[in-house]
Every structure is written in structure tokens, then in C-alpha cells.
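Asks: Next up is a structure, given as C-alpha cells.
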Amino acid sequence: MPIESVIRLWRTDPDTAPNFSIWRTTPARPAQTRPFPDDLPDALREALSKRGIVSLYSHQLEAWTHLRAGKNLVLATGTASGKTLAYNLPIIASLTTNTGARALYLFPTKALAQDQLAVVSGQLVAINRQPSTANLSVAIYDGDTPQAQRPAIRKNARIIFSNPDMLHTGILPHHTNWADFFRNLRFVVIDEMHTYRGVFGSHVANVIRRLKRVAKFYGASPQFILTSATIGNPKELAERLIELPVELIDNDGSSRGERHFLLYNPPVIDEAIGLRKSSLLESVRLTNDLLANNVQSVVFARSRRSVEIILTYLQGEKKDEKRKNNGDEVFPLSSFIRGYRSGYLPSQRREIEQGLRDGSVKIVVATNALELGIDIGGLGAAVLVGYPGSIASLAQQSGRAGRGEAPALAMMIASPNPLDQFLAHHPEYFIGKPPEQALINPDHLLILLNHLRCAMFELPFQKGEGFGSLPAQTVEEYLEFLTSNNEAHFSNEKYYWMQDQYPAANISLRSASPANVVLQTTDDPSTPLRAGHPQTLGEIDLASAYWMVHPNAIYLHEGQQYFVHDLNLEKNVATLTAVALDYYTEAQRETEIQILSTLAQAAVRGGEKEHGEIQVTTQVVGFKKLRWFTQENLGEEPLDLPPADLQTTGYWLSLSDATIETLRASGAWTNDPNDYGPDWPRIRLAVRTRDGFRCQICGAPEAGREHDVHHKIPFRDFMKRSAASLDVAMQNQEILRSTLQQANQLDNLITLCPSCHRKAEQNVRIRSGLAGLSYVLSQLAPLFLMCDPSDLGVHTDPAGTVRGQPSIVIYDQVPAGIGFSQKLFEIHDELMARALELVSQCQCKDGCPSCVGPGGENGYGGKQETIAILKEIR
């Protein structure tokens with residue numbers, strides 16, 4: 001079989017085989033089957049038999065038993081284990097005997113709803129042919145449903161497919177149009193429950209509170225069915241989402257073919273700096289092996305940009321090769337390779353999904369948008385480029401390979417970041433371990449207030465009424481606040497919504513801002529705003545627009561490059577033109593932190609840990625141009641974009657004076673400002689005069705501010721050599737004076753403008769121990785949280801401007817926080833222990849991307865300084 005050919009190749013290829021740090025094979029397992037239950041209606045029994053189904057998996061029968069007994073249920077079995085049939089059988093059985101009953105299926109995405117509609121419709125075809133059953137109609141009701149079809153769907157559909165966003169904005173606020181539906185609502189299915197975590201999950205939990213409140217108003221109390229393939233706390237999360245007791249089913253009775261899990265760690269190509277081969281380029285090489293052996297595969301990348309870079313490499317290598325499709329027509333091999341991510345138009349994504357099912361798409365490069373249970377057929381392999389952020393996502397993405405009894409493989413290609421390298425050397429942290437527990441906080445103040453506004457718009461609050469699990473007294477305090485703010489009015493023992501605005505329309509369940517930026521293309525770069533000619537390419541959220549489609553950015557879409565002419569933040573429109581350039585762009589951001597309040601603090605060894613509210617101000621100040629394949633920096637350009645403010649929660653560690661003095665005495669503290677000596681002003685003026693007050697790189701004259709004077713051999717290099725050659729106690733003023741003279745020789749100094757100075761400093765950067773500690777903590781922290789590294793921000797403050805002492809701040813990248821930083825505050829000791837273990841065991845000499853981060857090409861990585869700090873605070 002094709003997959004076995006690839007396995008033989010990789011196990012014998014000398015360039016590949018030595019780099020597998022894990023090769024785990026799980027043998028095939030037989031199905032655990034059970035006969036149909038005695039109370040299965042004859043129509044359903046006959047319909048299943050016609051589809052070749054003569055028995056149920058054990059977990060499907062267990063689901064039938066619990067649901068027929070009227071219990072709420074959470075199904076936590078593997079990918080492609082038949083969860084859809086497990087809940088459809090009892091629901092359809094109930095709807096066929098109770099001709100007025102209705103069901104609501106909620107999916108996290110429109111794509112998943114479309115996919116499941118086809119599955120359920122197929123199951124209903126045979127049932128609706130039975131004369132003894134009522135006609136069971138099913139329909140999708142979401143933002144893409146035409147207005148003309150909506151009244152008929154509300155009136156006639158027995159099963160409605162939707163998503164939390166549509167329930168939030170399009171159904172609950174207009175419940176009077178849905179009176180008959182809510183009056184007869186018997187079941188609510190919440191699919192892919194593991195996606196409802198963090199901010200999104202906290203919002204959805206409140207939407208469910210509103211759903212139950214409206215259903216109760218119409219006299220209904222539906223059963224809830226939740227599903228998830230990978231979650232560490234399915235029962236706890238389910239009960240937190242619906243605030244009702246649930247029965248857990250997690251014994252998977254489905255059959256499974258042989259599965260291979262591989263962890264590939266790209267080889268080190270420069271031992272001195274710990275530089276490994278690019279994980280992106282290695283993923284391209286190994287995916288080409290899969291393509292050559294006709295193994296249909298999905299490649300998961302961590303970001304939208306990585307998707308486009310990998311796609312560009314794969315398609316570029318295959319643009320001149322031809323292959324037949326399923327018919328006789330011949331196509332370029334590159335057309336069999338597609339991308340899949342947010343920002344693509346729905347029609348593009350449906351086309352790609354169908355291509356995966358019918359085999360016309362051989363390779364798809366995707367973000368976690370394809371992680372969910374969309375039916376894309378039985379793929380032979382899943383390639384994960386980098387750790388996806390959680391064990392749950394790792395299992396979910398790996399599970400996209402294989403269906404039924406066919407063999408399959410999943411391979412994670414480790415990136416050089418510390419988390420990936422930690423896992424590559426400590427597989428026990430995720431091999432055989434249960435997925436992480438999902439965190440939600442429905443009572444988060446800002447989220448809760450928003451949904452109380454929505455709930456009050458839907459139905460007035462009776463005095464003494466609770467909201468979900470919130471007691472009436474707490475709810476009343478919030479309603480009194482809204483009343484004092486003139487948003488609510490209290491009359492006749494009820495609280496009424498008093499604003500003209502429609503609150504749900506301005507509340508996004510998925511991000512801090514509901515606004516999106518529309519991407520419009522034009523063929524004429526000289527007139528990018530020419531009326532009537534722009535075409536919509538896609539859209540991105542406003543927060544991402546600042547760094548993805550800023551002016552002069554290169555935006556990548558399906559492997560095509562687009563040059564951004566304009567970003568109009570008033571109209572939320574970006575104007576682009578298709579181009580073919582030899583570089584892509586990478587935005588540069590600056591961050592400032594201000595502590596607003598301290599919620600908890602405790603003394604720890606070597607300093608103090610704290611948790612509290614902070615304000616983060618971030619601004620995109622410029623961008624770099626990076627050449628394809630080589631990543632050569634072709635230059636930098638400044639940008640003038642407005643700053644973005646984020647009020648959130650953070651965890652910070654501040655070092656004590658005693659710790660800093662100990663580190664300074666041992667030469668392990670490199671964060672003190674450089675003291676260039678008493679003659680520095682004179683020397684600096686002499687260098688600028690010699691150089692004609694012009695930058696010696698770009699020739700720019702001084703204008704507005706004096707140019708910088710840069711040490712070609714870093715100043716700290718001389719100081720480190722001095723410290724290394726003499727005991728600290730033996731150093732005297734004469735030695736210091738000699739060191740300063742060597743460092744400040746005129747031929748070691750050059751005049752540079754601020755922009756060129758930044759580039760030069762990057763090349764000879766000396767990474768301090770504090771910066772190294774910040775790097776490793778920010779990369780390691782997601783291992784202990786069920787979050788993506790992008791959910792956390794990190795700020796290094798060696799000067800003590802934030803806290804008064806040198807410190808590191810890790811914060812939630814979510815308005816008002818969601819609990820990540822508080823968790824880090826609580827597990828501080830374990831986090832520091834694992835950081836010391838990771839850095840100490842890394843085989844690099846002085847810092848690398850796999851531990852404390854790299855220094856510049858000619859600089860220092862700060863590994864020993866980081867270890868020294870960790871030993872003081874551990």
C-alpha cells in the first residue's frame with residue numbers, strides 16, 4: 001500500500017531515519033459491537049439495514065440507553081467513531097413518534113454544519129420513505145441562509161443546523177418568530193465541544209444560559225447532547241457549559257486500523273548556535289515523499305502565513321509536473337495541492353473539501369480550520385508542522401489521518417522553539433497523556449454583563465430571577481448597575497432594556513472586536529481605488545489587519561502574493577494587487593506595559609511573583625522584507641499606524657536586589673546600562689565629525705536628532721573578556737581604563753542612523769539572561785495551559801519601569817483576561833523547574849532557538865546567564 005511504501009522509505013533513508021525521535025505504532029483494534037436495542041423503531045431498524053449497518057458500536061448503544069432515559073449526555077470518543085449516528089438515532093426515534101418535536105444542532109463553524117447536513121440528510125432519506133414515519137425535514141439556518149427561505153425553515157424544519165453566533169444574533173433576539181420551535185424544542189446538540197474554551201467558550205456558556213431561559217419561557221426543557229473527540233475534562237466542561245448534570249460516555253467501541261505516530265526533529269546544521277534545518281522546508285520535503293507515493297495528506301501549519309509559505313514552496317516545486325485527475329484530463333501537479341484557512345471565501349473552502357472527498361485534491365495545507373470533524377474522507381497521513389499548542393489539538397489533527405481499518409500515519413515536525421524541543425526530548429509529556437483540561441469562565445465580568453444586556457433585550461428580568469447558576473442577588477446587582485447606566489429601567493418588579501440599539505449585534509463571541517477588514521483586489525496598481533473594479537478576495541479580523549495587511553505588506557492567499565496599497569481603517573477595507581516578488585514581509589511591533597492593580601502576590605525564592613490587571617499598548621512600527629527560501633533580510637521600513645490598547649490580566653516575576661547583586665558579582669547580569677567611560681561624549685562627537693554626521697550605511701544625514709555611534713565589536717564583548725580573564729576582586733581602575741580604551745578605539749566605532757543601528761544591533765545582539773528567561777517561559781507556558789502560544793503575550797523589563805525591579809510579565813492576550821496568567825501564578829514553581837531543566841539539557845553552547853533563543857550572528861545567546869538566574873530563583 002502507498003502508506004507502507006513511505007514508511008519503508010523513511011525508515012531506511014539516511015537523511016531522514018536518524019531524525020525520528022519517536023516512532024510509535026498502535027496496532028489495529030477490532031470493533032466492540034452490540035445488537036440493536038429492542039425499542040429501536042422498525043423504520044429505523046430497516047433504514048440502518050439498507051445502509052449495511054446490522055449492529056451498533058458499544059458507545060452508540062450506551063448513548064441510546066441514556067438518551068431514551070431522558071438524561072443529558074457527553075460523548076467523548078475518537079475521531080470517526082460514529083458519534084453522529086450515536087445521537088441521531090435517539091433523536092430521530094423521538095421525532096418520528098412525537099410529530100411536533102424539534103431539535104437544534106449547534107456546530108462551531110458553518111463548514112461543519114454544511115458537512116453534517118449531508119450526513120444527516122443521507123440518514124433521513126431511507127427513514128422518510130417509510131409510510132409509518134412523519135416527514136423529517138432538516139435545514140441550515142445561519143448567516144448564509146437566504147432571507148426568502150428563513151420563514152419556511154422556522155415553520156417546517158424539524159431539525160435545524162446552526163452555530164452559536166447565529167443563535168446569539170439571529171435566533172434568540174427574535175425568539176417571537178420562533179415561538180413554535182422553542183415550544184417544541186426537545187433536543188440541543190452541541191458538537192465539537194472542545195472548541196468552546198477560553199473566551200469563545202465563556203461566551204457560548206452564556207448563550208446557552210439565554211437559550212435555556214427563552215425555552216423555559218415557552219415551556220420547554222430540552223435534553224442536551226455534547227460531543228468531543230479530545231478533551232481532558234469532558235464531563236466538567238459539559239456541565240460548565242450547560243449547567244446541568246451529564247452522563248459521560250468515553251469508551252470508544254469503534255474499529256481502528258494500524259496507526260503510526262512519528263516525531264521528526266530536523267537535524268542540527270550548526271552545533272555552535274544550535275541551528276536546525278527549517279521545519280517548514282523539511283515539511284515540504286517529507287510531504288513531497290507522500291505525494292510521490294500517492295498518499296492523500298493534510299499538512300497542518302501553525303499560522304495563516306505559514307500555510308501560504310508551505311503552499312508556495314510545494315506548488316512552486318510542482319508547477320512544471322503533470323498528472324491525470326480521476327478522469328482522463330491532465331492537470332499541473334500543483335493544482336492537486338491546495339491551501340485551507342480563515343480568510344478564504346466559503347465557496348473556495350467547499351470546493352477544497354469536495355476535492356478531498358473525491359480525491360482530486362491530494363495535499364491540503366491548512367490551519368486548525370480543518371482540525372474539526374469535517375468529512376474529508378480517509379486521508380492516509382497528517383503532517384503537523386510544529387506542536388499545535390495542546391495535546392487535545394495534537395490528537396485532533398493526528399486523528400484526521402485514517403478511517404476505519406485502513407493504516408495511517410501522523411507526523412509532527414518539531415520547530416526549533418523551546419516547547420517543541422522540550423517535547424521532542426521529553427515525549428512522556430504528551431505520549432499516552434490525557435488531553436488538557438479546558439478552561440472557561442462564564443461569570444467573567446465583561447462577558448457576563450454583555451450577555452445580561454442581550455438576555456434583558458430578549459425577555460425582561462423578573463426581580464428575584466437568576467441567570468443560569470448565578471443567584472438572583474448577584475444578577476440583581478448587575479441589573480442595578482445597568483439601570484444606573486440608563487441601559488435598563490425597573491418597573492413593576494421587572495428590569496426592562498431601555499436602549500435603542502440591538503445589543504447582540506455589537507458583541508462578538510470569538511474576538512475582542514466584531515469588526516473585519518475586507519480585502520479587495522484591483523488589476524491596476526496605479527489606481528488601487530478605481531470604482532467598480534475591485535473584487536473581494538476574503539476578509540480578516542481587525543486585530544490581525546495591523547500586521548497582515550498594513551501598507552506595503554505582502555499578503556499571501558492560496559500561494560499568490562498580493563501587494564497592499566492601502567489599509568483604510570475608517571472603512572475597514574484593504575486594497576491589494578496580485579504581484580510576483582522574491583520576498584515576503586514580517587511586521588515589527590513594540591509593546592508597553594502598565595500595572596493597574598495587584599490581585600495577588602507572594603514572595604518566592606529570588607524575588608516576588610504577582611498577578612493583577614495591566615494595560616498593554618502595542619503598535620506596529622515597521623516591517624522587514626525577507627527573501628524566499630533563504631530568509632535573508634532585504635531591508636526594513638517604518639510604519640505609522642495607531643497603537644492598540646488591551647486591558648487584561650498578567651503574571652509577573654520581579655527579581656530582588658539581593659538576587660541581582662549575586663548575579664552581578666558572578667558576571668551573570670548583563671542588563672545594566674553600558675558605562676562607556678567619562679570620555680564618551682568627546683569620543684562620540686569625534687566619530688560623528690569624522691563621518692561627516694552621516695550614517696555610514698545608508699548615507700542619511702542627521703535631521704532632528706543626533707545619529708548613534710555603534711561599536712563594531714560589541715562593547716559588552718570587551719567587558720565579558722575582561723571578566724573572564726580576571727577574578728572580579730582583582731579588577732581595578734587601571735584594568736577598567738585599559739578595557740575602555742580598547743573598546744572605544746576610533747576604528748571600532750561607526751556613525752549609524754537609528755534604523756541602521758537597529759539592524760546592526762540585531763546582528764551582534766547579546767541576549768541577556770533576563771531576555772533568555774523571558775523567551776523560554778513564554779514558549780514553555782502553553783504546555784501547562786490549554787492555549788495557543790499566541791494566546792499569551794510576554795514583556796521583558798530589565799530597567800524596572802513596570803514594577804520598579806527587573807521583571808518579566810506574561811499576560812493574557814484577551815480583554816480582561818481569561819485565567820491563563822492566574823494559572824501561571826499558581827504553578828510558578830513547576831514552571832521555573834521545567835525551564836531550568838530545558839535550558840540545562842539543551843546541547844547548544846550559548847543559546848539557540850530551542851532554549852533561550854538565539855543571539856545575533858556574532859553575538860551571545862545568554863544561556864549561562866539564564867541558567868544562573870534560574871538557579872537563583874528555582
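Residue numbering restarts at 1 in every chain; chains get A, B, ... in the order shown in the C-alpha cells, and ligands count up from 1 in that same order.
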Enumerate, as a PyMOL selection string, the complete set of residues in segment 64-128 of chain A that a backbone-based DSSP assignment places in strand (DSSP E or B).
Replies: chain A and resi 73-75+102-106
Asks: Any idea what's packed within 8 Å of Val6 of chain A, counting only C-alpha atoms, ignoring anything in its chain fewer than 2 positions away? Could you give it as an MDAnalysis selection string?
Replies: chainID A and resid 2:4 8:10 289:290 293
Asks: Restricting the calculation to only C-alpha atoms: of A:Gln421, A:Ser162, A:Ser840, A:Thr97, which residue gets closest to Leu136 of chain A?
Replies: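 Going through A:Gln421, A:Ser162, A:Ser840, A:Thr97 one by one, the smallest distance to Leu136 of chain A is for A:Thr97.
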Asks: Return the single residue from A:His565, A:Arg240, A:Arg403, A:Arg304 that is closest to Ser202 of chain A, with distances computed using only C-alpha atoms.
Replies: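 Result for the nearest residue to Ser202 of chain A: A:Arg240.
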Asks: What is the distance, in Å and to one decimal place, between atom CA of Pro798 of chain A and atom CA of Asn671 of chain A?
Replies: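 Interatomic distance, atom CA of Pro798 of chain A to atom CA of Asn671 of chain A: 6.0 Å.
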Asks: With distances taken over only C-alpha atoms, which residue among A:Val188, A:Leu167, A:Ala505, A:Leu824 lies nearest Leu653 of chain A?
Replies: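 Of all the options, A:Leu824 lies closest to Leu653 of chain A.
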Asks: Write out as a ChimeraX atom specification all residues of segment 195-298 of chain A that DSSP puts in alpha helix (DSSP H) for this structure's backbone.
Replies: /A:198-217,234-242,279-292
Asks: Please list as a PDB file with N, CA, C and O atoms, in the first residue's frame every residue within 10 Å of Glu637 of chain A, counting only C-alpha atoms and excluding residues in the same chain fewer than 5 positions away.
Replies:
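part.pdb, written as the output of this step:
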ATOM      1  N   ASN A 552       2.101  48.428   2.139  1.00  0.00           N
ATOM      2  CA  ASN A 552       3.327  47.848   1.589  1.00  0.00           C
ATOM      3  C   ASN A 552       3.600  46.416   2.060  1.00  0.00           C
ATOM      4  O   ASN A 552       4.680  45.876   1.793  1.00  0.00           O
ATOM      5  N   ALA A 587       5.889  41.939  10.044  1.00  0.00           N
ATOM      6  CA  ALA A 587       5.676  43.178  10.805  1.00  0.00           C
ATOM      7  C   ALA A 587       6.522  43.188  12.071  1.00  0.00           C
ATOM      8  O   ALA A 587       6.837  42.152  12.651  1.00  0.00           O
ATOM      9  N   GLN A 588       6.891  44.399  12.508  1.00  0.00           N
ATOM     10  CA  GLN A 588       7.633  44.599  13.754  1.00  0.00           C
ATOM     11  C   GLN A 588       6.753  45.397  14.715  1.00  0.00           C
ATOM     12  O   GLN A 588       6.173  46.412  14.343  1.00  0.00           O
ATOM     13  N   VAL A 621       5.290  49.200  14.214  1.00  0.00           N
ATOM     14  CA  VAL A 621       6.138  50.356  13.919  1.00  0.00           C
ATOM     15  C   VAL A 621       6.924  50.210  12.623  1.00  0.00           C
ATOM     16  O   VAL A 621       7.548  51.158  12.162  1.00  0.00           O
ATOM     17  N   GLY A 622       6.893  49.014  12.038  1.00  0.00           N
ATOM     18  CA  GLY A 622       7.647  48.825  10.799  1.00  0.00           C
ATOM     19  C   GLY A 622       7.526  47.389  10.334  1.00  0.00           C
ATOM     20  O   GLY A 622       6.767  46.595  10.888  1.00  0.00           O
ATOM     21  N   PHE A 623       8.259  47.070   9.276  1.00  0.00           N
ATOM     22  CA  PHE A 623       8.243  45.695   8.772  1.00  0.00           C
ATOM     23  C   PHE A 623       9.569  45.370   8.096  1.00  0.00           C
ATOM     24  O   PHE A 623      10.303  46.263   7.667  1.00  0.00           O
ATOM     25  N   LYS A 624       9.863  44.060   8.052  1.00  0.00           N
ATOM     26  CA  LYS A 624      11.055  43.557   7.384  1.00  0.00           C
ATOM     27  C   LYS A 624      10.657  42.870   6.083  1.00  0.00           C
ATOM     28  O   LYS A 624       9.573  42.317   5.962  1.00  0.00           O
ATOM     29  N   LYS A 625      11.553  42.925   5.115  1.00  0.00           N
ATOM     30  CA  LYS A 625      11.393  42.181   3.869  1.00  0.00           C
ATOM     31  C   LYS A 625      12.338  40.986   3.916  1.00  0.00           C
ATOM     32  O   LYS A 625      13.548  41.157   4.061  1.00  0.00           O
ATOM     33  N   SER A 755      17.744  53.634  12.251  1.00  0.00           N
ATOM     34  CA  SER A 755      17.273  52.428  11.554  1.00  0.00           C
ATOM     35  C   SER A 755      18.416  51.449  11.307  1.00  0.00           C
ATOM     36  O   SER A 755      18.306  50.258  11.584  1.00  0.00           O
TER      37      SER A 755
END
Asks: What is the atom CA of Ala553 of chain A to atom CA of Leu626 of chain A distance in Å?
Replies: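 Atom-to-atom, atom CA of Ala553 of chain A and atom CA of Leu626 of chain A are spaced 11.4 Å apart.
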Asks: Given only C-alpha atoms as the basis, pick out the residue of A:Val809, A:Leu785, A:Ala301, A:Leu211 nearest to Ile391 of chain A.
Replies: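 With only C-alpha atoms as the atom set, the closest residue is A:Leu785.
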Asks: If you count only C-alpha atoms, which residues fall within 10 Å of His550 of chain A, apart from same-chain ones fewer than 2 positions away, as a list in words?
Replies: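 With the cut-off at 10 Å, the set is Ser544, Ala545, Tyr546, Trp547, Met548, Asn552, Ala553, Ile554, Tyr555, Phe563, Val564, His565, Asp566, Leu567, Asn568, Ala574, Ala587, Val620, Gly622, Phe623, Leu639, Asp640 and Leu641 of chain A.
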Asks: Nearest residue to Val125 of chain A out of A:His489, A:Arg305, A:Lys50, A:Arg338, using only C-alpha atoms?
Replies: A:Lys50
Asks: Excluding Arg259 of chain A and any residue of its chain fewer than 4 positions from it, enumerate the residues within 8 Å of it, using only C-alpha atoms, and give them as an NGL selection string.
Replies: :A and (25-28 or 402 or 407-410)
Asks: Which is closest to Gly201 of chain A among A:Thr617, A:Asn441, A:Ser297, A:Ser393, if we use only C-alpha atoms?
Replies: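 Of A:Thr617, A:Asn441, A:Ser297, A:Ser393, the one nearest Gly201 of chain A, counting only C-alpha atoms, is A:Asn441.
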